[in-house]
Amino acid sequence: MSDVLVIGGGVIGCGIAHALTTRGAEVTLVDPGTVGGGASRASAGMLAPFSEGRHHLALQALGALSLSRYDALVHALVDEGWRVPYTRTGSIEVAFDAAGATALDGVAAALARDRIACERLDRPSLLALEPAVSTDAVAGLRILAHGAVDVPALVSALWRSAASRGARLVQSRAHRISSTTSEVRVDTGVGSFKASRVVLAAGCWAGQVDVDGVAPLPVQPVRGQLLALRTESPALDHTLWGPDCYLVPWADGTMLVGATVEHVGFDQRATAAGVRQLLQAATALLPPVADAAFLEVRVGLRPATLDELPIVGASQRVDGLIYATGHYRNGALLMPLTAEAVAELVGGTPLDPIWAPCDPQRFGSY
Ligand SMILES: Cc1cc2nc3c(=O)[nH]c(=O)nc-3n(C[C@H](O)[C@H](O)[C@H](O)COP(=O)(O)OP(=O)(O)OC[C@H]3O[C@@H](n4cnc5c(N)ncnc54)[C@H](O)[C@@H]3O)c2cc1C
């Protein structure tokens with residue numbers, strides 16, 4: 001396979017580098033920071049297409065297919081000796097009033113029609129499954145297929161696996177992409193590189209990379225703050241979704257509380273208001289959280305597009321350039337399918353029609 005330069009070392013860029021090197025490609029990754037230092041560092045890692053994609057059938061279809069690739073990907077990484085915490089214990093959405101419970105009935109009926117395994121829980125069965133949940137809860141909906149992955153560990157495993165197959169890192173910012181007669185040229189802070197294919201996977205910064213004669217990609221940052229807490233032993237068996245936050249438990253007692261959704265440009269500060277909002281929502285959902293140790297607050301800028309679908313596909317303006325960004329709230333979920341799609345494009349196979357809604361051309365001439 002040909003040589004490929006990947007711009008951006010988040011979960012998407014590292015997933016692509018990994019998929020390409022397993023297929024024999026020579027890969028160079030360009031990132032000015034540490035691998036996994038962007039939005040991926042703050043990701044809660046929920047793999048939840050039937051909650052996140054509920055209002056977007058294209059997203060749900062992509063997410064469900066991507067989720068079906070997770071077992072094999074994680075097992076392959078673990079077999080190589082990398083550590084990737086990953087669970088498929090399901091999620092529970094919790095309602096606190098009659099209107100919320102009725103909404104869960106509707107969701108349960110829709111999932112049942114699509115043959116997605118789920119269980120509508122009354123209050124006693126909810127509390128039997130998750131005894132620490134607030135006694136103000138009135139109902140729940142358990143979705144069995146959902147899972148979670150430790151994203152920083154996953155990104156590290158993907159990158160180290162790719163590096164073990166020869167991928168190399170250029171620690172610099174890519175400024176400009178242009179085409180020559182036979183290759184694509186990328187200007188970086190440490191010089192210019194040429195490759196037969198270039199993948200732009202720079203998350204919310206993708207629009208800041210100047211592509212010869214092409215308008216900036218319409219990807220905007222949406223800040224998310226997420227807390228990491230620690231309880232003596234795991235306080236939950238499932239990922240829990242409440243009205244104002246979600247909780248992701250890990251076997252070592254770590255619990256992630258997410259997340260704020262803030263339109264504040266490229267401001268990556270953690271704020272007192274963000275932390276207060278998450279702590280209030282978490283203690284309302286799971287009162288024992290009040291006694292948890294506070295580990296840290298993580299901040300990430302989600303790469304958002306106007307229709308909240310990613311931008312994945314070949315450029316029509318620059319031969320050899322492929323876009324893979326805009327994964328907004330679902331980059332961890334969509335990574336395996338995105339990486340597979342980009343690797344196939346590089347190998348000359350056109351994208352599966354499931355990707356049609358993510359065509360870069362829907363936003364103009366790219
Ligand atoms: C709080 C929070 C919770 C989330 N929870 C979930 C979840 O539960 N499930 C889920 O699926 N998703 C979740 N997400 C979304 C997910 O984290 C993102 O969709 C994903 O991380 C995007 O990955 P990326 O690789 O595209 O971008 P990033 O991780 O941001 O990586 C982009 C990389 O590009 C590099 N870069 C920037 N500019 C340049 C340049 N000019 N040249 C070279 N490199 C450059 C950056 O340094 C960075 O390393 C969450 C996000 C946040 C913030």
# chains A, B, ... in the order shown; residues from 1 in each chain; ligands from 1
>>> residues_near_ligand(ligand="ligand 1", cutoff="7 Å", atoms="only C-alpha atoms and all ligand atoms", output="tab-separated table (two decimals) with N, CA and C atoms, in the first residue's frame")
chain	number	residue	atom	x	y	z
A	7	ILE	N	-2.95	13.90	9.40
A	7	ILE	CA	-2.84	15.15	10.18
A	7	ILE	C	-3.79	15.07	11.36
A	8	GLY	N	-3.24	15.00	12.57
A	8	GLY	CA	-4.06	14.94	13.79
A	8	GLY	C	-3.95	13.60	14.48
A	9	GLY	N	-3.50	13.64	15.73
A	9	GLY	CA	-3.29	12.39	16.49
A	9	GLY	C	-4.31	12.21	17.60
A	10	GLY	N	-5.60	12.44	17.30
A	10	GLY	CA	-6.66	12.11	18.25
A	10	GLY	C	-7.11	10.68	18.02
A	11	VAL	N	-8.28	10.35	18.59
A	11	VAL	CA	-8.75	8.97	18.43
A	11	VAL	C	-8.99	8.65	16.96
A	12	ILE	N	-9.41	9.67	16.18
A	12	ILE	CA	-9.69	9.42	14.76
A	12	ILE	C	-8.37	9.23	13.99
A	13	GLY	N	-7.43	10.16	14.15
A	13	GLY	CA	-6.16	10.04	13.42
A	13	GLY	C	-5.40	8.78	13.82
A	30	VAL	N	1.17	13.61	11.85
A	30	VAL	CA	1.62	14.96	12.18
A	30	VAL	C	0.71	15.52	13.27
A	31	ASP	N	1.28	15.92	14.38
A	31	ASP	CA	0.49	16.54	15.47
A	31	ASP	C	1.43	17.43	16.28
A	32	PRO	N	0.98	18.65	16.60
A	32	PRO	CA	1.89	19.54	17.33
A	32	PRO	C	2.01	19.18	18.81
A	33	GLY	N	1.06	18.43	19.33
A	33	GLY	CA	1.09	18.12	20.77
A	33	GLY	C	1.40	16.66	21.01
A	34	THR	N	0.93	16.17	22.16
A	34	THR	CA	1.10	14.75	22.42
A	34	THR	C	-0.06	14.02	21.75
A	35	VAL	N	0.19	12.80	21.33
A	35	VAL	CA	-0.87	11.99	20.72
A	35	VAL	C	-2.01	11.84	21.73
A	36	GLY	N	-3.25	12.07	21.29
A	36	GLY	CA	-4.40	11.94	22.18
A	36	GLY	C	-4.62	13.14	23.08
A	37	GLY	N	-3.99	14.26	22.77
A	37	GLY	CA	-4.11	15.43	23.66
A	37	GLY	C	-5.28	16.35	23.35
A	38	GLY	N	-6.04	16.10	22.28
A	38	GLY	CA	-7.16	16.96	21.92
A	38	GLY	C	-8.43	16.55	22.64
A	39	ALA	N	-9.56	16.62	21.94
A	39	ALA	CA	-10.85	16.27	22.55
A	39	ALA	C	-10.83	14.85	23.10
A	40	SER	N	-10.07	14.00	22.45
A	40	SER	CA	-10.07	12.58	22.85
A	40	SER	C	-9.64	12.39	24.30
A	41	ARG	N	-8.82	13.30	24.82
A	41	ARG	CA	-8.34	13.19	26.20
A	41	ARG	C	-9.48	13.34	27.21
A	42	ALA	N	-10.52	14.09	26.79
A	42	ALA	CA	-11.63	14.37	27.71
A	42	ALA	C	-12.82	13.45	27.48
A	43	SER	N	-12.73	12.58	26.48
A	43	SER	CA	-13.91	11.80	26.08
A	43	SER	C	-14.35	10.84	27.18
A	44	ALA	N	-15.68	10.73	27.34
A	44	ALA	CA	-16.22	9.77	28.32
A	44	ALA	C	-16.14	8.35	27.79
A	45	GLY	N	-15.99	8.21	26.47
A	45	GLY	CA	-15.82	6.87	25.89
A	45	GLY	C	-17.09	6.04	25.84
A	46	MET	N	-18.26	6.67	25.97
A	46	MET	CA	-19.48	5.87	25.89
A	46	MET	C	-19.69	5.40	24.45
A	47	LEU	N	-20.12	4.17	24.34
A	47	LEU	CA	-20.40	3.58	23.03
A	47	LEU	C	-21.91	3.34	23.02
A	172	SER	N	4.64	18.51	14.97
A	172	SER	CA	4.54	19.87	14.45
A	172	SER	C	3.11	20.11	13.97
A	173	ARG	N	2.82	21.38	13.71
A	173	ARG	CA	1.51	21.75	13.20
A	173	ARG	C	1.53	21.71	11.67
A	174	ALA	N	0.49	21.13	11.06
A	174	ALA	CA	0.36	21.21	9.60
A	174	ALA	C	-0.30	22.54	9.28
A	175	HIS	N	0.30	23.31	8.36
A	175	HIS	CA	-0.26	24.63	8.03
A	175	HIS	C	-1.05	24.61	6.73
A	201	ALA	N	-7.39	14.90	9.76
A	201	ALA	CA	-8.15	14.38	10.92
A	201	ALA	C	-7.79	15.23	12.14
A	202	ALA	N	-7.83	16.55	11.96
A	202	ALA	CA	-7.37	17.45	13.02
A	202	ALA	C	-8.51	17.94	13.92
A	203	GLY	N	-9.57	17.14	14.04
A	203	GLY	CA	-10.65	17.47	14.95
A	203	GLY	C	-11.21	18.86	14.68
A	204	CYS	N	-11.45	19.63	15.76
A	204	CYS	CA	-12.07	20.96	15.59
A	204	CYS	C	-11.12	21.97	14.97
A	205	TRP	N	-9.84	21.59	14.85
A	205	TRP	CA	-8.85	22.50	14.23
A	205	TRP	C	-8.71	22.26	12.72
A	206	ALA	N	-9.50	21.34	12.17
A	206	ALA	CA	-9.35	20.98	10.75
A	206	ALA	C	-9.53	22.20	9.85
A	208	GLN	N	-8.57	25.09	10.36
A	208	GLN	CA	-7.42	26.01	10.44
A	208	GLN	C	-6.28	25.57	9.53
A	209	VAL	N	-6.39	24.38	8.96
A	209	VAL	CA	-5.35	23.93	8.01
A	209	VAL	C	-5.78	24.43	6.63
A	223	ARG	N	-17.12	23.09	23.53
A	223	ARG	CA	-16.39	22.67	24.73
A	223	ARG	C	-17.20	21.69	25.58
A	224	GLY	N	-16.49	20.68	26.09
A	224	GLY	CA	-17.09	19.75	27.03
A	224	GLY	C	-16.20	19.62	28.25
A	225	GLN	N	-16.78	19.80	29.44
A	225	GLN	CA	-16.04	19.54	30.67
A	225	GLN	C	-16.55	18.22	31.24
A	226	LEU	N	-15.64	17.46	31.81
A	226	LEU	CA	-15.97	16.13	32.32
A	226	LEU	C	-15.20	15.92	33.61
A	258	GLY	N	-20.22	13.39	32.99
A	258	GLY	CA	-20.19	14.31	31.86
A	258	GLY	C	-21.57	14.82	31.52
A	259	ALA	N	-21.57	15.68	30.65
A	259	ALA	CA	-20.52	16.62	30.25
A	259	ALA	C	-21.22	17.93	29.93
A	260	THR	N	-20.50	19.04	30.04
A	260	THR	CA	-21.08	20.31	29.63
A	260	THR	C	-21.05	20.40	28.10
A	299	VAL	N	-11.08	18.74	29.99
A	299	VAL	CA	-11.76	19.64	29.05
A	299	VAL	C	-11.38	19.26	27.63
A	300	GLY	N	-12.37	19.21	26.76
A	300	GLY	CA	-12.09	18.92	25.35
A	300	GLY	C	-12.98	19.74	24.46
A	301	LEU	N	-12.50	19.98	23.24
A	301	LEU	CA	-13.28	20.71	22.24
A	301	LEU	C	-13.77	19.72	21.19
A	302	ARG	N	-15.08	19.43	21.26
A	302	ARG	CA	-15.65	18.47	20.29
A	302	ARG	C	-15.68	19.11	18.90
A	303	PRO	N	-15.36	18.35	17.88
A	303	PRO	CA	-15.42	18.92	16.52
A	303	PRO	C	-16.83	18.77	15.96
A	325	THR	N	-13.17	14.12	9.86
A	325	THR	CA	-13.30	14.97	11.05
A	325	THR	C	-14.79	15.25	11.32
A	326	GLY	N	-15.05	16.11	12.32
A	326	GLY	CA	-16.43	16.50	12.61
A	326	GLY	C	-17.22	15.43	13.36
A	327	HIS	N	-16.55	14.61	14.15
A	327	HIS	CA	-17.26	13.51	14.82
A	327	HIS	C	-18.01	13.96	16.08
A	328	TYR	N	-17.93	15.20	16.39
A	328	TYR	CA	-18.70	15.84	17.46
A	328	TYR	C	-18.76	15.00	18.74
A	329	ARG	N	-19.94	14.49	19.11
A	329	ARG	CA	-20.09	13.79	20.40
A	329	ARG	C	-19.77	12.31	20.30
A	330	ASN	N	-19.39	11.82	19.11
A	330	ASN	CA	-19.33	10.37	18.91
A	330	ASN	C	-18.05	9.88	18.26
A	331	GLY	N	-16.96	10.59	18.48
A	331	GLY	CA	-15.71	10.19	17.84
A	331	GLY	C	-15.20	8.84	18.32
A	332	ALA	N	-15.36	8.57	19.62
A	332	ALA	CA	-14.89	7.27	20.13
A	332	ALA	C	-15.74	6.16	19.52
A	333	LEU	N	-17.05	6.37	19.54
A	333	LEU	CA	-17.96	5.37	18.97
A	333	LEU	C	-17.67	5.11	17.49
A	334	LEU	N	-17.49	6.20	16.74
A	334	LEU	CA	-17.39	6.07	15.27
A	334	LEU	C	-15.99	5.76	14.77
>>> residues_around(residues="Asp97 (chain A)", least_positions_apart="2", cutoff="8 Å", atoms="only C-alpha atoms", output="ChimeraX atom specification")
/A:95,99-101,137-138
>>> residues_around(residues="Ile322 (chain A)", least_positions_apart="3", cutoff="9 Å", atoms="only C-alpha atoms", output="number ranges by chain")
A: 197-201, 312-315, 318-319, 342, 345-346
>>> write_last_selection(atoms="N, CA and C atoms", output="PDB file, in the first residue's frame")
ATOM      1  N   ARG A 197      -1.154  10.002  -0.297  1.00  0.00           N
ATOM      2  CA  ARG A 197      -2.460  10.328   0.284  1.00  0.00           C
ATOM      3  C   ARG A 197      -2.252  11.120   1.579  1.00  0.00           C
ATOM      4  N   VAL A 198      -3.146  12.078   1.818  1.00  0.00           N
ATOM      5  CA  VAL A 198      -3.122  12.827   3.078  1.00  0.00           C
ATOM      6  C   VAL A 198      -4.519  12.757   3.694  1.00  0.00           C
ATOM      7  N   VAL A 199      -4.567  12.478   4.993  1.00  0.00           N
ATOM      8  CA  VAL A 199      -5.853  12.428   5.690  1.00  0.00           C
ATOM      9  C   VAL A 199      -5.900  13.585   6.678  1.00  0.00           C
ATOM     10  N   LEU A 200      -6.898  14.449   6.532  1.00  0.00           N
ATOM     11  CA  LEU A 200      -7.048  15.580   7.455  1.00  0.00           C
ATOM     12  C   LEU A 200      -7.989  15.148   8.582  1.00  0.00           C
ATOM     13  N   ALA A 201      -7.394  14.897   9.757  1.00  0.00           N
ATOM     14  CA  ALA A 201      -8.151  14.385  10.915  1.00  0.00           C
ATOM     15  C   ALA A 201      -7.793  15.226  12.137  1.00  0.00           C
ATOM     16  N   VAL A 312     -16.569  12.757   6.263  1.00  0.00           N
ATOM     17  CA  VAL A 312     -15.683  11.635   5.912  1.00  0.00           C
ATOM     18  C   VAL A 312     -15.803  11.397   4.412  1.00  0.00           C
ATOM     19  N   GLY A 313     -14.696  11.509   3.708  1.00  0.00           N
ATOM     20  CA  GLY A 313     -14.721  11.251   2.268  1.00  0.00           C
ATOM     21  C   GLY A 313     -13.557  11.924   1.571  1.00  0.00           C
ATOM     22  N   ALA A 314     -13.441  11.634   0.277  1.00  0.00           N
ATOM     23  CA  ALA A 314     -12.331  12.170  -0.522  1.00  0.00           C
ATOM     24  C   ALA A 314     -12.638  13.590  -0.959  1.00  0.00           C
ATOM     25  N   SER A 315     -11.583  14.406  -1.046  1.00  0.00           N
ATOM     26  CA  SER A 315     -11.730  15.754  -1.582  1.00  0.00           C
ATOM     27  C   SER A 315     -11.961  15.679  -3.085  1.00  0.00           C
ATOM     28  N   VAL A 318      -8.692  18.441  -4.203  1.00  0.00           N
ATOM     29  CA  VAL A 318      -7.255  18.116  -4.080  1.00  0.00           C
ATOM     30  C   VAL A 318      -7.106  16.596  -4.188  1.00  0.00           C
ATOM     31  N   ASP A 319      -6.538  16.158  -5.297  1.00  0.00           N
ATOM     32  CA  ASP A 319      -6.349  14.713  -5.495  1.00  0.00           C
ATOM     33  C   ASP A 319      -5.536  14.124  -4.359  1.00  0.00           C
ATOM     34  N   VAL A 342     -11.638   4.975   5.826  1.00  0.00           N
ATOM     35  CA  VAL A 342     -10.511   5.732   5.268  1.00  0.00           C
ATOM     36  C   VAL A 342      -9.460   4.769   4.704  1.00  0.00           C
ATOM     37  N   LEU A 345     -10.668   3.672   1.394  1.00  0.00           N
ATOM     38  CA  LEU A 345     -10.510   4.735   0.388  1.00  0.00           C
ATOM     39  C   LEU A 345      -9.067   4.813  -0.095  1.00  0.00           C
ATOM     40  N   VAL A 346      -8.141   4.746   0.868  1.00  0.00           N
ATOM     41  CA  VAL A 346      -6.714   4.802   0.506  1.00  0.00           C
ATOM     42  C   VAL A 346      -6.370   3.622  -0.406  1.00  0.00           C
TER      43      VAL A 346
END
>>> residues_around(residues="region 127-130 of chain A", least_positions_apart="6", cutoff="10 Å", atoms="only C-alpha atoms", output="list of chain:residue names")
A:Ile92, A:Leu121, A:Ala137, A:Val138, A:Ala139, A:Gly140, A:Arg142, A:Ala235, A:Leu236, A:Asp237, A:His238, A:Leu240, A:Leu286
>>> residues_around(residues="Thr28 (chain A)", least_positions_apart="6", cutoff="12 Å", atoms="only C-alpha atoms", output="JSON, numbers by chain")
{"A": [2, 3, 4, 5, 6, 7, 8, 9, 13, 14, 16, 17, 18, 20, 21, 159, 162, 163, 165, 166, 167, 168, 169, 170, 171, 172, 186, 193, 194, 195, 196, 197, 198, 199]}
>>> residues_around(residues="Tyr366 (chain A)", least_positions_apart="2", cutoff="7 Å", atoms="only C-alpha atoms", output="ChimeraX atom specification")
/A:214,315-317,360-361,364
